[in-house]
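Peer 1: After the structure tokens below, expect a handful of questions from me.
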Amino acid sequence: MTDHNPALENLLTETRAFAPSEEFAAAANAKGDLYAHAEADRLEFWAEQARRHLTWDTPFTEVLDFSGAPTARWFADGRLNAAYNAVDRHVEAGNGDRTAILFEGEPGDTRTLTYADLQREVSKAANALESLGVATGDRVAIYLPMIPEAVIAMLACARIGAAHSVVFGGFSAEALYSRIIDADATAVITADGGYRRGKPSALKPAVDDALAKGETNVKHVLVVRRTEQDVAWTEGRDVWWHDALGEASAEHAPVAVEAEHPLFILYTSGTTGKPKGILHTTGGYLTQAAYTHWNVFDLKPETDVYWCTADVGWVTGHSYITYGPLINGATQVLYEGTPDTPHQGRWWEIVEKYGVTILYTAPTAIRTCMKWGDDVPAKFDLSSLRLLGSVGEPINPEAWMWYRRVIGGDKAPIVDTWWQTETGAIMISPLPGVTATKPGSAQVPLPGVSVSIWDDAGEAVGPGGGGYLVLDQPWPSMLRGIWGDEQRFSDTYWSRFPGTYFAGDGAKYDADGDIWLLGRVDDVMNISGHRLSTTEIESALVSHEWVAEAAVVGASDDTTGQAVVAFVILRGDAKEKTDEVGEGADVVAALRNHVASEIGPIAKPRSILVVAELPKTRSGKIMRRLLRDVAENRQVGDVTTLADSSVMDLISSGMKGSS
Ligand code: ATP
Ligand code: MG
């Protein structure tokens, strides 16, 4: 890589923009003056948000202490309880009858929990945990399907001041074991199983295997009964959830903890390497989770039905299922299963059934629905939707347009939200009702958040420039470290530009000064001395009517240094159209020419492979490092966080066949 070459080249241009409607703007929670207000006094702005969105047992007087940088302390002399804020205070305010959770199991079973129900269940679970010896300051591993108990378990831990470490239910015993050891958990909360793709899928055996792998400090395993599968039982260690809660009192006094008390540890997705145990604390994290949920999703607690499709095993499920929405008193849908069980319209059926008004999902899901075709959502009434969100990867402009047109009825604003496990909450996003949205761009830092794009030398670039995305001011929900590894914390985030947080992502400003995320800087390609982003070439491919998804990598090339290699998935309805142009070779030629005309000959892929699936992490992100291995004819690297490892075999053999 040429280190003095200042920035990424800007390739794609986007001219479409969608101003908010007058009605939306008039009723929106966020008004345009929020920016100026935050700008005037950033710390005072955050203090106001902390008071406005949270109830404190002991009010804070300090706002930020960054003397121990890079570890920040926010609102440090205040005390509060997360579960009290998410549940009890709504009941105390007379809203105990409001629905908190509309649960839809994959087999079609349903449950409705009001805030009063949640208060009772969370209190019982907190008492049960305490009677099993879990105390303030301990860590509890949670390994559950997407059922209400996942949320209840998290809040029960928070209620007693024990940090939770939620491990995605699709992970293996090995992954669970390493996370139990790393966090030194003393209890595990799991289930017999959950429903996945139309059948019960066991969870408890993985916990048994994990705990058999070596010495741990786990004293008890609390087991929710969901599928009624047979489970092996370790007497003295294993306890049924319903037995423990059945005996427990429904009264529990929440423990008011210091604002900097650990709330949870959560391991990153592992898209770029070994997962990191990200530590979040209480006061600052909850402030920003609630503030962003309120303003970015424009939540109207009395009338909205909110649905975030993430799994609670990811940070999105933490901030935008458990904490943000419940703190704001939302009514939300919780769905257990996959989008295509029993049919590809399941999500849209759920939107229609519950009258979902706000939907928050990921580009991978949107592109998959695009692949399945417009006629699937067309069978359902989606007119209740008034706001759409996206998170997890850059959303290609064409996928954004599809989301707006087919799902949002050409009227619902889309918020493309950029953030990370490490940032705890949304950092960059349009504000609905304020920002004129642009397909493919996350656009602007939220009021109170400071973002910059720097070149190699650490100089800020201006409109039209590109480089490294940095967060140059502390924010309340910032990570407080990598659990047990201070060195890795400073090396990973604070060493590329000493003293400034580097997110690992490339970004550019367009001529209007809006921010575009360009993918991981590790994925940036250098073609004949030009630094190109994977995201832009992928978006050019997805802008072709035949293409639903694309992944691009740079493969070493004798003449150009690196060459663009693309992997594409065609849309369901593209089959007939591609038949018109003939066989595979013509499809590839057409797509290569399309990229050349969209962004220039320099970006033209050396090869394009049409594939049925792409390698993705369990959280749905494309793992380009594996595709690079294939493109360079190497042994494929670590696939443990891959959702389906057989995908790589198919792609590798396709690559050999094509060359
Ligand atoms: P690891 O850090 O272990 O490699 P990960 O980065 O995939 O895993 P997450 O914290 O879940 O784990 O993902 C954060 C990353 O997701 C961001 O750094 C960014 O690359 C990408 N991302 C999230 N939202 C957006 C968005 N709206 N636009 C573009 N990229 C996004
Ligand atoms: Mg990351």
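Each chain of the structure tokens is named A, B, ... in the order shown, its residues numbered from 1; ligands are numbered from 1 in display order.
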Show me a table, sorted first by chain and then by increasing residue number, of the residues of chain A having an atom at most 7 Å from ligand 2, each with its shortest atom pair and the distance in Å to one decimal, counting only C-alpha atoms and all ligand atoms and written as CSV.
Peer 2:
```
residue,atom,partner,partner_atom_place_in_ligand_line,distance
A:Thr268,CA,ligand 2,1 (Mg),6.3
A:Thr271,CA,ligand 2,1 (Mg),7.0
A:Thr272,CA,ligand 2,1 (Mg),6.9
A:Gln420,CA,ligand 2,1 (Mg),6.4
A:Gly504,CA,ligand 2,1 (Mg),7.0
```
Peer 1: Write out as a count of residues only each polymer residue whose atoms come within 6 Å of Ser543 of chain A, counting only C-alpha atoms; drop sequence neighbours fewer than 2 positions from it.
Peer 2: 3
Peer 1: Could I get the residue neighbourhood of ligand 1 at 6 Å, counting only C-alpha atoms and all ligand atoms, as a PDB file with C-alpha atoms, in the first residue's frame?
Peer 2:
```pdb
ATOM      1  CA  THR A 268     -17.932  -8.516  18.141  1.00  0.00           C
ATOM      2  CA  SER A 269     -19.107 -10.367  15.055  1.00  0.00           C
ATOM      3  CA  GLY A 270     -15.634 -11.548  14.080  1.00  0.00           C
ATOM      4  CA  THR A 271     -15.861 -10.299  10.504  1.00  0.00           C
ATOM      5  CA  THR A 272     -12.217  -9.260  10.536  1.00  0.00           C
ATOM      6  CA  GLY A 273     -10.659 -11.608  13.081  1.00  0.00           C
ATOM      7  CA  PRO A 275     -13.959 -11.579  18.417  1.00  0.00           C
ATOM      8  CA  VAL A 391     -27.653  -1.384   9.938  1.00  0.00           C
ATOM      9  CA  GLY A 392     -24.674  -3.707   9.712  1.00  0.00           C
ATOM     10  CA  GLU A 393     -23.084  -3.009   6.357  1.00  0.00           C
ATOM     11  CA  PRO A 394     -23.156  -0.255   3.787  1.00  0.00           C
ATOM     12  CA  ASP A 416     -29.110   4.181   7.361  1.00  0.00           C
ATOM     13  CA  THR A 417     -27.450   3.910  10.759  1.00  0.00           C
ATOM     14  CA  TRP A 418     -23.701   3.480  11.120  1.00  0.00           C
ATOM     15  CA  TRP A 419     -22.323   2.224  14.396  1.00  0.00           C
ATOM     16  CA  GLN A 420     -20.422  -0.684  15.933  1.00  0.00           C
ATOM     17  CA  THR A 421     -20.471  -3.005  18.916  1.00  0.00           C
ATOM     18  CA  ASP A 505     -13.809   1.680   8.337  1.00  0.00           C
ATOM     19  CA  LEU A 517     -19.130   4.349   4.375  1.00  0.00           C
ATOM     20  CA  GLY A 519     -16.168  -0.807   3.969  1.00  0.00           C
ATOM     21  CA  ARG A 520     -13.234  -1.954   6.098  1.00  0.00           C
TER      22      ARG A 520
END
```
Peer 1: Do a neighbour search on segment 245-257 of chain A at 8 Å with only C-alpha atoms, toss out local chain neighbours closer than 4 positions, and write the hits as a count of residues only.
Peer 2: 19
Peer 1: Where does DSSP see helix (DSSP H, G or I) in segment 198-378 of chain A, if you list the residues as a ChimeraX atom specification?
Peer 2: /A:204-212,241-247,283-296,315-327,346-354,363-372,375-378
Peer 1: Please provide as a PyMOL selection string all residues within 6 Å of Gly424 of chain A, with the sequence filter that same-chain residues fewer than 2 positions apart are discarded (counting only C-alpha atoms).
Peer 2: chain A and resi 421-422+477-478
Peer 1: Go ahead and write the selection's residues with all heavy atoms as a PDB file, in the first residue's frame.
Peer 2:
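Heads up, here's the output in again.pdb:
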```pdb
ATOM      1  N   THR A 421     -20.378  -2.469  17.560  1.00  0.00           N
ATOM      2  CA  THR A 421     -20.471  -3.005  18.916  1.00  0.00           C
ATOM      3  C   THR A 421     -19.754  -2.040  19.877  1.00  0.00           C
ATOM      4  O   THR A 421     -20.244  -1.749  20.974  1.00  0.00           O
ATOM      5  CB  THR A 421     -19.788  -4.391  18.993  1.00  0.00           C
ATOM      6  OG1 THR A 421     -20.290  -5.207  17.938  1.00  0.00           O
ATOM      7  CG2 THR A 421     -20.044  -5.053  20.329  1.00  0.00           C
ATOM      8  N   GLU A 422     -18.631  -1.535  19.421  1.00  0.00           N
ATOM      9  CA  GLU A 422     -17.801  -0.672  20.257  1.00  0.00           C
ATOM     10  C   GLU A 422     -18.454   0.678  20.556  1.00  0.00           C
ATOM     11  O   GLU A 422     -18.232   1.252  21.621  1.00  0.00           O
ATOM     12  CB  GLU A 422     -16.461  -0.396  19.565  1.00  0.00           C
ATOM     13  CG  GLU A 422     -15.567  -1.608  19.376  1.00  0.00           C
ATOM     14  CD  GLU A 422     -15.841  -2.386  18.080  1.00  0.00           C
ATOM     15  OE1 GLU A 422     -16.949  -2.226  17.506  1.00  0.00           O
ATOM     16  OE2 GLU A 422     -14.968  -3.154  17.657  1.00  0.00           O
ATOM     17  N   SER A 477     -21.860   6.330  25.022  1.00  0.00           N
ATOM     18  CA  SER A 477     -21.973   4.866  24.962  1.00  0.00           C
ATOM     19  C   SER A 477     -20.715   4.220  24.396  1.00  0.00           C
ATOM     20  O   SER A 477     -20.756   3.096  23.919  1.00  0.00           O
ATOM     21  CB  SER A 477     -23.194   4.477  24.125  1.00  0.00           C
ATOM     22  OG  SER A 477     -23.056   4.955  22.802  1.00  0.00           O
ATOM     23  N   MET A 478     -19.588   4.922  24.454  1.00  0.00           N
ATOM     24  CA  MET A 478     -18.362   4.312  23.925  1.00  0.00           C
ATOM     25  C   MET A 478     -17.946   3.126  24.782  1.00  0.00           C
ATOM     26  O   MET A 478     -18.227   3.066  25.976  1.00  0.00           O
ATOM     27  CB  MET A 478     -17.238   5.341  23.838  1.00  0.00           C
ATOM     28  CG  MET A 478     -16.710   5.849  25.163  1.00  0.00           C
ATOM     29  SD  MET A 478     -15.735   7.387  24.981  1.00  0.00           S
ATOM     30  CE  MET A 478     -14.305   6.808  24.072  1.00  0.00           C
TER      31      MET A 478
END
```
Peer 1: DSSP on the backbone: what in segment 263-293 of chain A comes out strand (DSSP E or B), as a VMD selection string?
Peer 2: chain A and resid 263 to 267 277 to 281
Peer 1: Would you write out those residues with C-alpha atoms, as a compact mmCIF listing (two decimals), in the first residue's frame?
Peer 2:
```
# COMPACT_ATOMS: atom_id res chain seq x y z
CA LEU A 263 -23.79 -3.57 32.21
CA PHE A 264 -22.60 -6.14 29.68
CA ILE A 265 -19.81 -7.73 27.74
CA LEU A 266 -20.50 -8.54 24.12
CA TYR A 267 -18.18 -10.15 21.61
CA GLY A 277 -15.16 -8.84 24.38
CA ILE A 278 -16.49 -5.30 24.31
CA LEU A 279 -17.33 -3.83 27.72
CA HIS A 280 -20.22 -1.41 28.16
CA THR A 281 -21.23 0.30 31.37
```
Peer 1: For Asp649 of chain A, find every residue with an atom within 10 Å (counting only C-alpha atoms), except residues of its own chain fewer than 5 positions away, and show them as a PyMOL selection string.
Peer 2: chain A and resi 630+636+654-655
Peer 1: So which residues touch Thr99 of chain A within 8 Å, counting only C-alpha atoms, skipping near sequence neighbours fewer than 4 positions away, as a ChimeraX atom specification?
Peer 2: /A:112-115,331-332
Peer 1: Just to be explicit: take each residue in the selection above, keep all heavy atoms, and write the result as a PDB file, in the first residue's frame.
Peer 2:
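Result file is selection.pdb:
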```pdb
ATOM      1  N   THR A 112     -48.150 -12.228  24.544  1.00  0.00           N
ATOM      2  CA  THR A 112     -48.095 -10.781  24.711  1.00  0.00           C
ATOM      3  C   THR A 112     -47.684 -10.480  26.135  1.00  0.00           C
ATOM      4  O   THR A 112     -48.262 -11.033  27.073  1.00  0.00           O
ATOM      5  CB  THR A 112     -49.478 -10.163  24.425  1.00  0.00           C
ATOM      6  OG1 THR A 112     -49.834 -10.469  23.081  1.00  0.00           O
ATOM      7  CG2 THR A 112     -49.454  -8.657  24.599  1.00  0.00           C
ATOM      8  N   LEU A 113     -46.670  -9.649  26.299  1.00  0.00           N
ATOM      9  CA  LEU A 113     -46.258  -9.250  27.653  1.00  0.00           C
ATOM     10  C   LEU A 113     -46.413  -7.750  27.808  1.00  0.00           C
ATOM     11  O   LEU A 113     -45.879  -6.979  26.999  1.00  0.00           O
ATOM     12  CB  LEU A 113     -44.791  -9.614  27.912  1.00  0.00           C
ATOM     13  CG  LEU A 113     -44.506 -11.081  28.174  1.00  0.00           C
ATOM     14  CD1 LEU A 113     -44.045 -11.753  26.898  1.00  0.00           C
ATOM     15  CD2 LEU A 113     -43.462 -11.226  29.257  1.00  0.00           C
ATOM     16  N   THR A 114     -47.144  -7.349  28.841  1.00  0.00           N
ATOM     17  CA  THR A 114     -47.253  -5.923  29.130  1.00  0.00           C
ATOM     18  C   THR A 114     -46.041  -5.513  29.972  1.00  0.00           C
ATOM     19  O   THR A 114     -45.272  -6.363  30.429  1.00  0.00           O
ATOM     20  CB  THR A 114     -48.512  -5.630  29.944  1.00  0.00           C
ATOM     21  OG1 THR A 114     -48.371  -6.314  31.208  1.00  0.00           O
ATOM     22  CG2 THR A 114     -49.775  -6.109  29.237  1.00  0.00           C
ATOM     23  N   TYR A 115     -45.922  -4.205  30.206  1.00  0.00           N
ATOM     24  CA  TYR A 115     -44.841  -3.752  31.083  1.00  0.00           C
ATOM     25  C   TYR A 115     -45.012  -4.307  32.498  1.00  0.00           C
ATOM     26  O   TYR A 115     -44.030  -4.634  33.166  1.00  0.00           O
ATOM     27  CB  TYR A 115     -44.724  -2.221  31.049  1.00  0.00           C
ATOM     28  CG  TYR A 115     -43.897  -1.772  29.862  1.00  0.00           C
ATOM     29  CD1 TYR A 115     -44.498  -1.466  28.631  1.00  0.00           C
ATOM     30  CD2 TYR A 115     -42.512  -1.707  29.940  1.00  0.00           C
ATOM     31  CE1 TYR A 115     -43.725  -1.096  27.530  1.00  0.00           C
ATOM     32  CE2 TYR A 115     -41.740  -1.338  28.842  1.00  0.00           C
ATOM     33  CZ  TYR A 115     -42.352  -1.034  27.646  1.00  0.00           C
ATOM     34  OH  TYR A 115     -41.575  -0.683  26.558  1.00  0.00           O
ATOM     35  N   THR A 331     -43.777  -0.459  22.264  1.00  0.00           N
ATOM     36  CA  THR A 331     -44.414  -1.749  22.029  1.00  0.00           C
ATOM     37  C   THR A 331     -43.676  -2.362  20.858  1.00  0.00           C
ATOM     38  O   THR A 331     -43.584  -1.748  19.797  1.00  0.00           O
ATOM     39  CB  THR A 331     -45.897  -1.554  21.655  1.00  0.00           C
ATOM     40  OG1 THR A 331     -46.570  -0.990  22.781  1.00  0.00           O
ATOM     41  CG2 THR A 331     -46.553  -2.878  21.268  1.00  0.00           C
ATOM     42  N   GLN A 332     -43.110  -3.562  21.057  1.00  0.00           N
ATOM     43  CA  GLN A 332     -42.297  -4.116  19.974  1.00  0.00           C
ATOM     44  C   GLN A 332     -42.573  -5.585  19.703  1.00  0.00           C
ATOM     45  O   GLN A 332     -42.966  -6.349  20.577  1.00  0.00           O
ATOM     46  CB  GLN A 332     -40.813  -3.912  20.251  1.00  0.00           C
ATOM     47  CG  GLN A 332     -40.269  -4.739  21.397  1.00  0.00           C
ATOM     48  CD  GLN A 332     -38.766  -4.510  21.597  1.00  0.00           C
ATOM     49  OE1 GLN A 332     -38.016  -4.433  20.630  1.00  0.00           O
ATOM     50  NE2 GLN A 332     -38.340  -4.396  22.843  1.00  0.00           N
TER      51      GLN A 332
END
```
Peer 1: Would you list the contacts of Pro148 of chain A as a CSV table (one decimal) with N, CA and C atoms, in the first residue's frame, taking every protein, DNA or RNA residue within 10 Å and counting only C-alpha atoms, but skipping same-chain residues closer than 6 positions in sequence?
Peer 2:
```csv
chain,number,residue,atom,x,y,z
A,101,ILE,N,-44.0,-6.5,24.7
A,101,ILE,CA,-43.5,-7.4,23.7
A,101,ILE,C,-44.6,-8.2,23.1
A,102,LEU,N,-44.7,-8.2,21.8
A,102,LEU,CA,-45.6,-9.0,21.0
A,102,LEU,C,-44.7,-10.1,20.4
A,103,PHE,N,-44.7,-11.3,21.1
A,103,PHE,CA,-43.9,-12.4,20.7
A,103,PHE,C,-44.5,-13.3,19.6
A,104,GLU,N,-43.8,-13.6,18.6
A,104,GLU,CA,-44.2,-14.5,17.5
A,104,GLU,C,-43.2,-15.6,17.4
A,105,GLY,N,-43.6,-16.8,17.9
A,105,GLY,CA,-42.6,-17.9,17.7
A,105,GLY,C,-42.6,-18.4,16.3
A,111,ARG,N,-47.3,-14.8,22.2
A,111,ARG,CA,-47.4,-14.3,23.6
A,111,ARG,C,-47.4,-12.8,23.7
A,112,THR,N,-48.1,-12.2,24.5
A,112,THR,CA,-48.1,-10.8,24.7
A,112,THR,C,-47.7,-10.5,26.1
A,113,LEU,N,-46.7,-9.6,26.3
A,113,LEU,CA,-46.3,-9.2,27.7
A,113,LEU,C,-46.4,-7.7,27.8
A,118,LEU,N,-43.7,-7.8,32.4
A,118,LEU,CA,-42.3,-7.8,32.4
A,118,LEU,C,-41.7,-7.5,33.8
A,121,GLU,N,-42.0,-10.7,35.8
A,121,GLU,CA,-41.0,-11.8,35.3
A,121,GLU,C,-39.6,-11.4,35.6
A,334,LEU,N,-41.2,-9.3,18.7
A,334,LEU,CA,-40.0,-10.1,18.9
A,334,LEU,C,-40.3,-11.4,18.1
A,335,TYR,N,-39.5,-11.7,17.1
A,335,TYR,CA,-39.8,-12.9,16.3
A,335,TYR,C,-38.7,-13.9,16.4
A,336,GLU,N,-39.0,-15.1,16.6
A,336,GLU,CA,-38.0,-16.2,16.9
A,336,GLU,C,-37.2,-16.7,15.8
```
Peer 1: Quote the spacing between atom CA of Lys508 of chain A and atom CA of Ala17 of chain A in Å to one decimal place.
Peer 2: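 Here the two named atoms are 17.7 Å from each other.
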Peer 1: From the set A:Thr13, A:Thr71, A:Thr357, A:Ser319, which residue has the shortest atom-to-atom contact distance to Trp516 of chain A, counting only C-alpha atoms?
Peer 2: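 Among the listed residues, the smallest separation from Trp516 of chain A belongs to A:Thr13.
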Peer 1: Given the choices A:Val451, A:Ala289, A:Ile515, A:Leu382, which gets closest to Tyr501 of chain A if the distance is worked out from only C-alpha atoms?
Peer 2: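 Of the candidates, the smallest distance to Tyr501 of chain A is held by A:Val451.
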Peer 1: Have a look at atom CA of Glu23 of chain A and atom CA of Pro439 of chain A and let me know their distance in Å, one decimal.
Peer 2: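 Spanning atom CA of Glu23 of chain A to atom CA of Pro439 of chain A is a straight-line distance of 21.4 Å.
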Peer 1: For Asn95 of chain A, which residue out of A:Met427, A:Ala330, A:Leu211, A:Val595 is the nearest one, using only C-alpha atoms?
Peer 2: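 Closest to Asn95 of chain A of all the choices is A:Ala330.
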